[in-house]
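One file, structure05.txt, is given below (compact mmCIF, C-alpha atoms and all ligand atoms).
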# COMPACT_ATOMS: atom_id res chain seq x y z
CA MET H 1 61.40 105.79 25.69
CA THR H 2 64.73 107.31 26.66
CA GLN H 3 64.25 110.55 28.57
CA THR H 4 66.42 113.62 28.19
CA LEU H 5 66.90 116.80 30.20
CA PHE H 6 64.22 118.29 27.96
CA SER H 7 61.53 115.64 28.37
CA PRO H 8 58.50 116.74 30.37
CA LEU H 9 57.98 115.20 33.81
CA VAL H 10 54.86 114.80 35.90
CA ALA H 11 55.61 114.92 39.65
CA GLY H 12 52.33 114.67 41.53
CA ASP H 13 50.32 117.76 40.58
CA LEU H 14 53.45 119.48 39.25
CA HIS H 15 53.89 119.39 35.48
CA LEU H 16 57.49 120.15 34.55
CA PRO H 17 58.18 121.03 30.90
CA ASN H 18 61.79 119.90 31.38
CA ARG H 19 63.89 118.10 34.00
CA ILE H 20 66.24 120.97 34.83
CA VAL H 21 65.30 122.14 38.33
CA MET H 22 66.59 125.17 40.19
CA ALA H 23 67.89 124.02 43.58
CA PRO H 24 66.96 125.90 46.75
CA LEU H 25 69.61 128.60 47.24
CA THR H 26 70.00 130.83 50.29
CA ARG H 27 70.81 134.36 49.08
CA SER H 28 70.19 136.40 52.29
CA ARG H 29 68.66 139.40 50.55
CA ALA H 30 65.24 139.67 52.23
CA GLY H 31 64.24 143.15 53.35
CA ALA H 32 62.94 144.47 56.67
CA GLY H 33 60.75 141.91 58.43
CA ASN H 34 62.43 139.17 56.34
CA VAL H 35 60.12 140.05 53.45
CA PRO H 36 61.31 139.05 49.96
CA GLY H 37 61.64 142.23 47.94
CA PRO H 38 61.09 143.28 44.31
CA LEU H 39 64.55 142.06 43.28
CA ALA H 40 63.60 138.55 44.42
CA ALA H 41 60.65 138.62 42.01
CA LEU H 42 62.99 139.57 39.17
CA TYR H 43 65.60 136.97 40.20
CA TYR H 44 63.15 134.06 40.20
CA ALA H 45 61.28 135.26 37.08
CA GLN H 46 64.59 135.43 35.17
CA ARG H 47 64.99 131.69 35.88
CA ALA H 48 61.37 130.70 35.04
CA SER H 49 62.37 128.46 32.13
CA ALA H 50 63.51 125.85 34.69
CA GLY H 51 61.27 122.81 34.83
CA LEU H 52 60.68 123.77 38.45
CA LEU H 53 62.02 126.52 40.70
CA ILE H 54 62.53 125.62 44.35
CA SER H 55 62.66 128.72 46.53
CA GLU H 56 65.47 129.50 48.91
CA ALA H 57 64.93 127.98 52.36
CA THR H 58 62.19 130.00 54.08
CA GLN H 59 61.54 129.93 57.83
CA VAL H 60 58.04 128.83 58.81
CA ILE H 61 58.25 130.56 62.20
CA ALA H 62 60.42 133.37 63.61
CA SER H 63 62.35 130.94 65.84
CA GLY H 64 63.20 128.88 62.74
CA GLN H 65 65.72 131.44 61.49
CA GLY H 66 69.49 131.04 61.75
CA TYR H 67 71.04 133.32 59.13
CA PRO H 68 70.72 137.04 58.37
CA SER H 69 68.04 138.25 55.94
CA THR H 70 66.50 134.90 55.05
CA PRO H 71 62.84 135.23 54.06
CA GLY H 72 59.95 133.95 56.15
CA ILE H 73 56.45 132.70 55.34
CA HIS H 74 54.78 133.45 58.69
CA SER H 75 53.69 137.11 58.44
CA ALA H 76 51.17 138.91 56.21
CA GLU H 77 53.97 141.09 54.82
CA GLN H 78 56.05 138.03 53.90
CA ILE H 79 53.07 136.42 52.16
CA ALA H 80 52.53 139.66 50.21
CA GLY H 81 56.22 139.76 49.27
CA TRP H 82 56.09 136.17 48.04
CA GLN H 83 52.91 136.96 46.07
CA ARG H 84 54.98 139.35 43.97
CA VAL H 85 57.49 136.55 43.36
CA THR H 86 54.98 133.88 42.36
CA ALA H 87 53.06 136.32 40.13
CA ALA H 88 56.28 137.26 38.31
CA VAL H 89 57.30 133.61 37.90
CA HIS H 90 53.87 132.60 36.62
CA ALA H 91 53.75 135.58 34.23
CA ALA H 92 57.07 134.35 32.85
CA GLY H 93 55.61 130.86 32.35
CA GLY H 94 57.29 129.16 35.32
CA ARG H 95 56.40 127.00 38.31
CA ILE H 96 57.71 127.52 41.85
CA VAL H 97 57.50 125.67 45.16
CA LEU H 98 58.45 127.11 48.53
CA GLN H 99 60.98 125.34 50.74
CA LEU H 100 59.65 125.05 54.31
CA TRP H 101 62.47 125.56 56.83
CA HIS H 102 63.19 125.49 60.53
CA VAL H 103 66.90 125.63 61.38
CA GLY H 104 66.65 124.13 64.88
CA ARG H 105 70.07 124.36 66.58
CA ILE H 106 71.77 125.98 63.55
CA SER H 107 70.98 129.40 64.95
CA HIS H 108 72.00 131.83 67.66
CA ARG H 109 70.06 133.72 70.32
CA SER H 110 70.61 136.95 68.35
CA PHE H 111 68.15 135.55 65.74
CA GLN H 112 65.63 134.32 68.28
CA PRO H 113 62.52 136.14 69.51
CA GLY H 114 63.27 137.50 72.97
CA GLY H 115 66.91 136.41 72.68
CA ALA H 116 65.95 132.85 73.67
CA LEU H 117 68.19 129.87 73.03
CA PRO H 118 67.71 128.02 69.72
CA VAL H 119 65.72 124.78 70.03
CA ALA H 120 66.66 121.25 68.95
CA PRO H 121 65.79 117.61 69.63
CA SER H 122 68.58 117.42 72.23
CA ALA H 123 70.84 119.87 74.03
CA ILE H 124 73.86 119.08 71.84
CA ARG H 125 75.93 121.98 70.60
CA PRO H 126 76.98 121.65 66.96
CA ALA H 127 80.67 122.13 66.29
CA GLY H 128 81.38 125.26 64.32
CA GLN H 129 80.34 128.84 64.09
CA VAL H 130 77.35 130.87 63.00
CA PHE H 131 77.41 134.13 61.01
CA ILE H 132 75.41 136.67 62.99
CA GLY H 133 75.76 139.69 60.71
CA SER H 134 78.41 141.47 62.79
CA GLY H 135 80.80 138.52 62.55
CA MET H 136 81.14 134.88 63.55
CA ALA H 137 80.07 133.39 66.89
CA ASP H 138 80.33 129.85 68.26
CA PHE H 139 77.15 127.83 68.07
CA GLU H 140 75.39 127.63 71.43
CA THR H 141 74.05 124.61 73.24
CA PRO H 142 70.40 124.54 72.16
CA ARG H 143 67.42 123.92 74.41
CA ALA H 144 65.87 120.47 73.93
CA LEU H 145 62.24 120.75 72.88
CA GLU H 146 59.71 119.29 75.35
CA THR H 147 57.47 116.56 73.92
CA ALA H 148 54.49 118.84 74.55
CA GLU H 149 56.02 121.52 72.29
CA LEU H 150 56.21 119.30 69.20
CA PRO H 151 52.58 119.76 68.02
CA ALA H 152 53.31 123.49 67.69
CA ILE H 153 56.35 122.69 65.55
CA VAL H 154 54.20 120.52 63.27
CA GLN H 155 51.62 123.31 63.14
CA ALA H 156 54.31 125.81 62.07
CA TYR H 157 55.06 123.67 59.00
CA VAL H 158 51.33 123.37 58.23
CA ASP H 159 50.84 127.12 58.57
CA GLY H 160 53.88 127.69 56.36
CA ALA H 161 52.44 125.37 53.71
CA ALA H 162 49.02 127.04 53.83
CA ASN H 163 50.65 130.48 53.66
CA ALA H 164 52.74 129.34 50.68
CA ILE H 165 49.61 128.29 48.81
CA ALA H 166 47.97 131.61 49.77
CA ALA H 167 51.06 133.35 48.34
CA GLY H 168 50.50 131.60 45.01
CA PHE H 169 53.13 128.86 45.17
CA ASP H 170 52.53 125.69 43.16
CA GLY H 171 53.56 123.57 46.11
CA VAL H 172 56.06 123.18 48.92
CA GLU H 173 59.26 121.29 49.62
CA ILE H 174 59.74 120.08 53.19
CA HIS H 175 63.39 120.77 54.09
CA ALA H 176 64.51 117.62 55.91
CA ALA H 177 68.15 117.96 54.85
CA ASN H 178 71.44 119.65 55.70
CA GLY H 179 71.37 119.48 59.47
CA TYR H 180 68.31 121.61 60.15
CA LEU H 181 65.52 120.77 62.60
CA LEU H 182 63.87 117.79 60.87
CA ASP H 183 67.26 116.29 59.97
CA GLN H 184 68.38 116.86 63.58
CA PHE H 185 65.49 114.66 64.70
CA LEU H 186 66.28 112.00 62.06
CA ARG H 187 69.96 111.43 62.82
CA ASP H 188 71.28 109.92 66.04
CA GLY H 189 74.27 112.27 66.21
CA SER H 190 71.89 115.11 67.08
CA ASN H 191 68.91 113.21 68.53
CA ARG H 192 69.46 111.58 71.94
CA ARG H 193 65.86 111.90 73.10
CA ASP H 194 64.35 109.31 75.39
CA ASP H 195 60.72 110.01 74.51
CA ALA H 196 58.71 108.71 71.50
CA TYR H 197 60.75 110.98 69.17
CA GLY H 198 64.19 109.49 69.91
CA GLY H 199 65.97 106.14 69.91
CA SER H 200 64.71 103.78 67.19
CA ILE H 201 64.37 104.77 63.54
CA GLU H 202 60.60 104.65 63.97
CA ASN H 203 60.90 107.16 66.79
CA ARG H 204 63.43 109.44 65.09
CA THR H 205 61.26 109.62 61.96
CA ARG H 206 58.11 110.38 63.98
CA LEU H 207 58.29 114.18 63.83
CA LEU H 208 58.92 114.04 60.07
CA ARG H 209 55.99 111.63 59.63
CA GLU H 210 53.76 114.00 61.58
CA VAL H 211 54.89 117.00 59.51
CA ILE H 212 54.35 115.12 56.24
CA ALA H 213 50.90 113.88 57.32
CA ALA H 214 49.76 117.30 58.47
CA VAL H 215 51.15 119.26 55.51
CA THR H 216 49.73 116.83 52.94
CA ALA H 217 46.35 116.80 54.74
CA ARG H 218 46.32 120.57 54.41
CA ILE H 219 47.56 121.19 50.86
CA GLY H 220 47.66 117.74 49.20
CA ALA H 221 50.50 115.25 48.70
CA GLY H 222 50.59 116.07 44.98
CA ARG H 223 51.87 119.54 45.83
CA THR H 224 54.36 118.40 48.45
CA GLY H 225 57.96 117.35 47.90
CA MET H 226 60.77 116.74 50.37
CA ARG H 227 64.54 117.19 50.46
CA ILE H 228 66.95 114.88 52.27
CA SER H 229 70.76 114.62 52.50
CA PRO H 230 71.64 111.12 53.77
CA GLU H 231 75.42 111.51 53.99
CA GLN H 232 75.77 115.21 54.54
CA THR H 233 78.13 116.14 57.41
CA PHE H 234 77.61 119.91 56.97
CA ASN H 235 76.31 121.44 60.22
CA ASP H 236 78.06 118.72 62.26
CA MET H 237 75.70 115.93 61.25
CA HIS H 238 76.27 112.20 61.52
CA ASP H 239 74.31 109.00 61.96
CA SER H 240 75.32 105.49 62.92
CA ALA H 241 73.26 103.77 60.17
CA PRO H 242 72.33 106.23 57.40
CA GLN H 243 71.28 103.61 54.83
CA ALA H 244 68.66 102.03 57.09
CA LEU H 245 67.46 105.43 58.27
CA PHE H 246 67.05 106.99 54.84
CA ASN H 247 65.63 103.82 53.26
CA ARG H 248 62.87 104.18 55.83
CA VAL H 249 62.51 107.91 55.16
CA ALA H 250 62.06 107.13 51.45
CA GLU H 251 59.36 104.57 52.30
CA ILE H 252 57.60 107.14 54.47
CA ALA H 253 57.69 109.68 51.64
CA SER H 254 56.35 107.07 49.24
CA GLU H 255 53.56 105.91 51.55
CA ALA H 256 52.49 109.55 51.89
CA GLY H 257 52.38 109.88 48.09
CA LEU H 258 54.72 112.85 47.95
CA ALA H 259 55.15 114.42 44.52
CA TYR H 260 58.91 114.15 44.63
CA LEU H 261 61.91 113.23 46.73
CA HIS H 262 64.86 115.58 46.31
CA VAL H 263 68.11 113.92 47.33
CA LEU H 264 71.41 115.68 47.92
CA GLU H 265 73.60 112.75 46.92
CA GLY H 266 76.80 113.56 48.75
CA ASP H 267 78.50 115.74 51.32
CA ILE H 268 78.99 119.41 50.54
CA ALA H 269 81.34 119.56 53.54
CA GLY H 270 83.70 117.38 51.50
CA GLY H 271 83.77 114.37 53.82
CA PRO H 272 84.60 110.89 52.51
CA GLY H 273 80.92 109.92 52.37
CA ALA H 274 79.09 107.13 54.12
CA GLY H 275 78.79 104.87 51.08
CA VAL H 276 75.05 105.42 50.79
CA ASP H 277 73.37 103.49 47.96
CA TYR H 278 71.02 106.00 46.37
CA GLY H 279 69.55 103.32 44.13
CA ALA H 280 68.15 101.65 47.25
CA ILE H 281 66.56 104.93 48.31
CA ARG H 282 65.15 105.57 44.87
CA GLN H 283 63.71 102.06 44.68
CA ARG H 284 61.68 102.69 47.83
CA PHE H 285 60.14 105.94 46.59
CA HIS H 286 57.49 105.75 43.90
CA GLY H 287 57.17 109.45 43.03
CA ALA H 288 59.65 111.52 41.03
CA TYR H 289 63.31 111.35 42.14
CA LEU H 290 65.23 114.63 41.91
CA ALA H 291 68.97 114.39 42.29
CA ASN H 292 71.38 117.16 43.29
CA HIS H 293 75.08 117.45 44.03
CA ALA H 294 77.60 118.89 41.62
CA TYR H 295 75.96 117.53 38.46
CA THR H 296 77.21 118.85 35.14
CA GLY H 297 74.77 119.00 32.25
CA GLU H 298 76.43 115.92 30.81
CA ARG H 299 76.23 113.85 33.99
CA ALA H 300 72.64 114.97 34.49
CA ALA H 301 71.71 113.90 30.96
CA GLN H 302 73.32 110.50 31.50
CA ALA H 303 71.61 109.98 34.86
CA ILE H 304 68.22 110.81 33.34
CA ALA H 305 68.79 108.72 30.20
CA SER H 306 69.77 105.71 32.32
CA GLY H 307 66.56 106.06 34.33
CA ARG H 308 68.57 106.36 37.57
CA VAL H 309 67.02 109.77 38.29
CA ASP H 310 63.97 111.65 36.97
CA ALA H 311 65.30 115.21 37.18
CA VAL H 312 68.38 117.08 38.37
CA ALA H 313 68.54 120.22 40.50
CA PHE H 314 71.32 122.71 39.73
CA GLY H 315 72.48 125.31 42.25
CA LYS H 316 75.52 127.39 41.34
CA ALA H 317 74.83 126.96 37.62
CA PHE H 318 71.40 128.56 38.11
CA ILE H 319 72.82 131.41 40.17
CA ALA H 320 75.11 132.36 37.28
CA ASN H 321 72.91 131.36 34.32
CA PRO H 322 69.30 132.52 34.37
CA ASP H 323 68.95 130.90 30.94
CA LEU H 324 70.56 127.61 32.00
CA VAL H 325 67.93 125.58 30.14
CA THR H 326 68.74 127.30 26.83
CA ARG H 327 72.47 126.99 27.43
CA LEU H 328 72.23 123.26 28.12
CA GLN H 329 70.05 122.83 25.06
CA LEU H 330 72.59 124.61 22.85
CA GLY H 331 75.64 123.17 24.58
CA ALA H 332 76.70 126.78 25.19
CA ALA H 333 79.33 127.86 27.71
CA LEU H 334 78.17 128.68 31.22
CA ASN H 335 78.85 131.85 33.22
CA GLN H 336 80.82 131.10 36.38
CA ALA H 337 79.17 131.93 39.72
CA ASP H 338 80.80 134.61 41.86
CA GLN H 339 81.01 133.23 45.40
CA ALA H 340 81.55 136.70 46.91
CA THR H 341 77.97 137.70 46.04
CA PHE H 342 76.19 134.47 47.08
CA TYR H 343 74.95 135.81 50.43
CA GLY H 344 73.65 139.32 51.05
CA GLY H 345 74.06 142.47 49.00
CA ASP H 346 72.00 143.78 46.14
CA ALA H 347 71.51 143.17 42.42
CA LYS H 348 75.20 142.44 41.88
CA GLY H 349 75.63 138.69 41.51
CA TYR H 350 71.85 138.28 41.89
CA THR H 351 69.92 139.68 38.94
CA ASP H 352 72.78 140.88 36.71
CA TYR H 353 74.19 137.64 35.23
CA PRO H 354 74.10 138.01 31.44
CA LEU H 355 71.85 136.03 29.14
CA LEU H 356 73.37 134.18 26.23
CA ALA H 357 71.93 136.55 23.61
CA ALA H 358 73.33 139.54 25.47
CA LEU H 359 76.93 138.29 25.48
C1 LIG R 401 74.08 127.63 52.76
C2 LIG R 401 74.02 128.78 53.51
C3 LIG R 401 72.91 129.05 54.25
C4 LIG R 401 71.84 128.16 54.27
C5 LIG R 401 70.93 124.63 53.28
C6 LIG R 401 69.52 126.50 53.70
O1 LIG R 401 72.06 124.13 53.38
C7 LIG R 401 70.75 126.07 53.52
C8 LIG R 401 71.90 127.00 53.52
C9 LIG R 401 73.02 126.74 52.76
O2 LIG R 401 69.95 123.94 53.04

File written out as structure tokens:
Amino acid sequence: MTQTLFSPLVAGDLHLPNRIVMAPLTRSRAGAGNVPGPLAALYYAQRASAGLLISEATQVIASGQGYPSTPGIHSAEQIAGWQRVTAAVHAAGGRIVLQLWHVGRISHRSFQPGGALPVAPSAIRPAGQVFIGSGMADFETPRALETAELPAIVQAYVDGAANAIAAGFDGVEIHAANGYLLDQFLRDGSNRRDDAYGGSIENRTRLLREVIAAVTARIGAGRTGMRISPEQTFNDMHDSAPQALFNRVAEIASEAGLAYLHVLEGDIAGGPGAGVDYGAIRQRFHGAYLANHAYTGERAAQAIASGRVDAVAFGKAFIANPDLVTRLQLGAALNQADQATFYGGDAKGYTDYPLLAAL
């Protein structure tokens, strides 16, 4: 049967009533202690008609933060804050997973406990600058993690997953995309390690394999998805053989029985691309395949109808259109997202986008 944007989808234990997913979106509006506040509950609940909501990236440990006011999932107060969010989403009939995040080298000592250096697979400074609240600063050369420190990193993801379930989430998404810690281990532009976690593809995927194994052992593979970005150059990322690397990552995700694989199919930094064949990645993963990257409703519908993808995640369209599902169903016009209010601030550009009926 030909599927549409409005066909239900089973992804592991997640039952989506439609295939329109809200992408993870950093909004930098957490309160003191990086606790998501009451407005976050309203923001997510307004968008509960999505087939699935994926939370903004959420640090699993204090040292995993690299931007101002991003929420965490490592303190009792943060868990309580997220409980308000999941309760509001569920009351509105929605489903929400939490995105588990550690930024690695995409940070600055001003975010780090004790003012320590950010950590990474290797002491390689990313090109570019970091926003530290008071302005921009150059990225610093991170400290390479010792082999003996890696079990604690894995444990941070497990604790984050367990805390997410305690906070009422329907599952988690492991953030292995966009140049953050797990992606830094995967790609050879940022991983020059000479231990069992660097060098070959088997070695560079080892930390991710350990995180997947430990998280799924704790909360179940059916509640665990993962996001990857094979040709993303954002955050100064590159790899010498992305197709081989991410084919293997897809196999690993499939062998683990993950509910879904969420693939950012392009380069938000606007590079020429590495010519990655996403069909080859999809073929290796036997769960649900979620695609993301500048899809319009029309292109999403075509991709789903052709069977190339199972669902599509929308970012900016969901920021500006809490009722995106209804709008796509009716073929209605979409509100345009206001870039000036993406990061930080209050209700403006967060919870005040108009619904169709209110226009
Ligand atoms: C944009 C700004 C800040 C964070 C990602 C978590 O790229 C992010 C992010 C994006 O995954």

inquiry  = Please return as a VMD selection string every residue within 12 Å of (69.8, 104.1, 56.2), taking into account all atoms listed in the file and the file's own coordinates.
reply    = chain H and resid 186 to 188 201 205 228 to 231 238 to 251 274 to 278 280 to 281 284

query = Mind listing the residues within 6 Å of ligand LIG 401 (chain R), only C-alpha atoms and all ligand atoms counted, as a PyMOL selection string?
reply = chain H and resi 26+57+178

key: Of the listed residues H:Ala30, H:Ala221, H:Val263, H:Val325, that which approaches Ala11 in chain H most closely, counting all atoms listed in the file   = H:Ala221

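The set of protein, DNA and RNA residues with any counted atom at most 8 Å from (69.5, 146.1, 47.9) (all atoms listed in the file) reads Arg29, Leu39, Gly345, Asp346 and Ala347 of chain H.
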
task = Might you pull out every residue within 8 Å of Val97 in chain H, with all atoms listed in the file counted and same-chain residues fewer than 3 positions away left off, and present them as a VMD selection string?
result = chain H and resid 52 to 55 169 to 173

ask   = Using all atoms listed in the file, which residues sit within 8 Å of range 326-338 of chain H once same-chain residues fewer than 3 positions away are excluded, as a PyMOL selection string?
value = chain H and resi 6+297+316-317+319-321+323+341-342+349+353-354+356

inquiry  = At a cut-off of 10 Å, using all atoms listed in the file, what residues contact Ala91 in chain H? Leave out same-chain residues fewer than 6 positions from it and give the result as number ranges by chain.
reply    = H: 45, 48, 85

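Counting all atoms listed in the file, the residue from H:Phe139, H:Tyr180, H:Phe285, H:Tyr157 that sits nearest to Arg218 in chain H is H:Tyr157.
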
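Among the candidates H:Tyr44, H:Phe234, H:Trp82, H:Tyr289, the one nearest to Ile106 in chain H when counting all atoms listed in the file is H:Phe234.
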
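Counting all atoms listed in the file and comparing H:Arg227, H:Arg105, H:His15, H:Arg47, the residue that lies closest to Ala144 in chain H is H:Arg105.
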
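Among the candidates H:Ala253, H:Gln46, H:Glu56, H:Val211, the one nearest to Arg27 in chain H when counting all atoms listed in the file is H:Glu56.
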
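Considering all atoms listed in the file, the residue among H:Val309, H:Ala62, H:Ile132, H:Val158 positioned nearest to Ala116 in chain H is H:Ala62.
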
message = So that I can check the surroundings of Ser122 in chain H, please list as a PyMOL selection string every protein, DNA and RNA residue that reaches within 9 Å of it, counting all atoms listed in the file and ignoring chain neighbours fewer than 2 positions away.
response = chain H and resi 119-120+124-125+142-145+184-185+190-193

Quick one: axis-aligned box around all listed atoms of range 213-224 of chain H, 3 Å on every side, centre and edge lengths in Å to one decimal, written as AutoDock Vina command-line options.
--center_x 50.3 --center_y 117.5 --center_z 51.7 --size_x 14.0 --size_y 13.3 --size_z 19.5

Add whatever atoms are absent from range 329-338 of chain H to reach all heavy atoms, and provide the output as a short mmCIF file (atom, residue, chain, number, x, y, z; two decimals), in the frame of the given file.
data_model
loop_
_atom_site.label_atom_id
_atom_site.label_comp_id
_atom_site.auth_asym_id
_atom_site.auth_seq_id
_atom_site.Cartn_x
_atom_site.Cartn_y
_atom_site.Cartn_z
N GLN H 329 70.62 123.28 26.33
CA GLN H 329 70.05 122.83 25.06
C GLN H 329 71.00 123.08 23.90
O GLN H 329 71.15 122.25 23.00
CB GLN H 329 68.74 123.57 24.82
CG GLN H 329 67.75 122.81 23.98
CD GLN H 329 66.32 123.14 24.40
OE1 GLN H 329 66.06 124.17 25.03
NE2 GLN H 329 65.39 122.26 24.06
N LEU H 330 71.68 124.23 23.94
CA LEU H 330 72.59 124.61 22.85
C LEU H 330 74.01 124.11 23.07
O LEU H 330 74.87 124.27 22.20
CB LEU H 330 72.63 126.14 22.71
CG LEU H 330 71.31 126.82 22.35
CD1 LEU H 330 71.49 128.34 22.34
CD2 LEU H 330 70.81 126.34 20.99
N GLY H 331 74.26 123.55 24.25
CA GLY H 331 75.64 123.17 24.58
C GLY H 331 76.53 124.39 24.70
O GLY H 331 77.74 124.33 24.44
N ALA H 332 75.95 125.52 25.09
CA ALA H 332 76.70 126.78 25.19
C ALA H 332 77.52 126.82 26.48
O ALA H 332 77.24 126.08 27.43
CB ALA H 332 75.73 127.95 25.17
N ALA H 333 78.51 127.69 26.50
CA ALA H 333 79.33 127.86 27.71
C ALA H 333 78.48 128.45 28.83
O ALA H 333 77.49 129.13 28.58
CB ALA H 333 80.50 128.79 27.40
N LEU H 334 78.90 128.17 30.06
CA LEU H 334 78.17 128.68 31.22
C LEU H 334 78.95 129.82 31.87
O LEU H 334 80.18 129.77 31.94
CB LEU H 334 77.96 127.57 32.26
CG LEU H 334 77.20 126.33 31.82
CD1 LEU H 334 76.98 125.39 33.01
CD2 LEU H 334 75.85 126.68 31.19
N ASN H 335 78.22 130.84 32.37
CA ASN H 335 78.85 131.85 33.22
C ASN H 335 79.29 131.16 34.51
O ASN H 335 78.62 130.25 34.99
CB ASN H 335 77.84 132.94 33.63
CG ASN H 335 77.25 133.69 32.45
OD1 ASN H 335 77.94 133.96 31.49
ND2 ASN H 335 75.97 134.04 32.56
N GLN H 336 80.38 131.63 35.10
CA GLN H 336 80.82 131.10 36.38
C GLN H 336 80.21 131.92 37.52
O GLN H 336 80.11 133.14 37.42
CB GLN H 336 82.34 131.13 36.48
CG GLN H 336 83.03 130.17 35.51
CD GLN H 336 82.49 128.74 35.62
OE1 GLN H 336 82.54 128.13 36.68
NE2 GLN H 336 81.93 128.21 34.53
N ALA H 337 79.79 131.24 38.59
CA ALA H 337 79.17 131.93 39.72
C ALA H 337 80.22 132.62 40.57
O ALA H 337 81.30 132.07 40.81
CB ALA H 337 78.39 130.93 40.56
N ASP H 338 79.90 133.82 41.03
CA ASP H 338 80.80 134.61 41.86
C ASP H 338 80.44 134.39 43.33
O ASP H 338 79.44 134.92 43.82
CB ASP H 338 80.64 136.10 41.49
CG ASP H 338 81.31 137.01 42.49
OD1 ASP H 338 82.27 136.57 43.16
OD2 ASP H 338 80.88 138.18 42.61
#
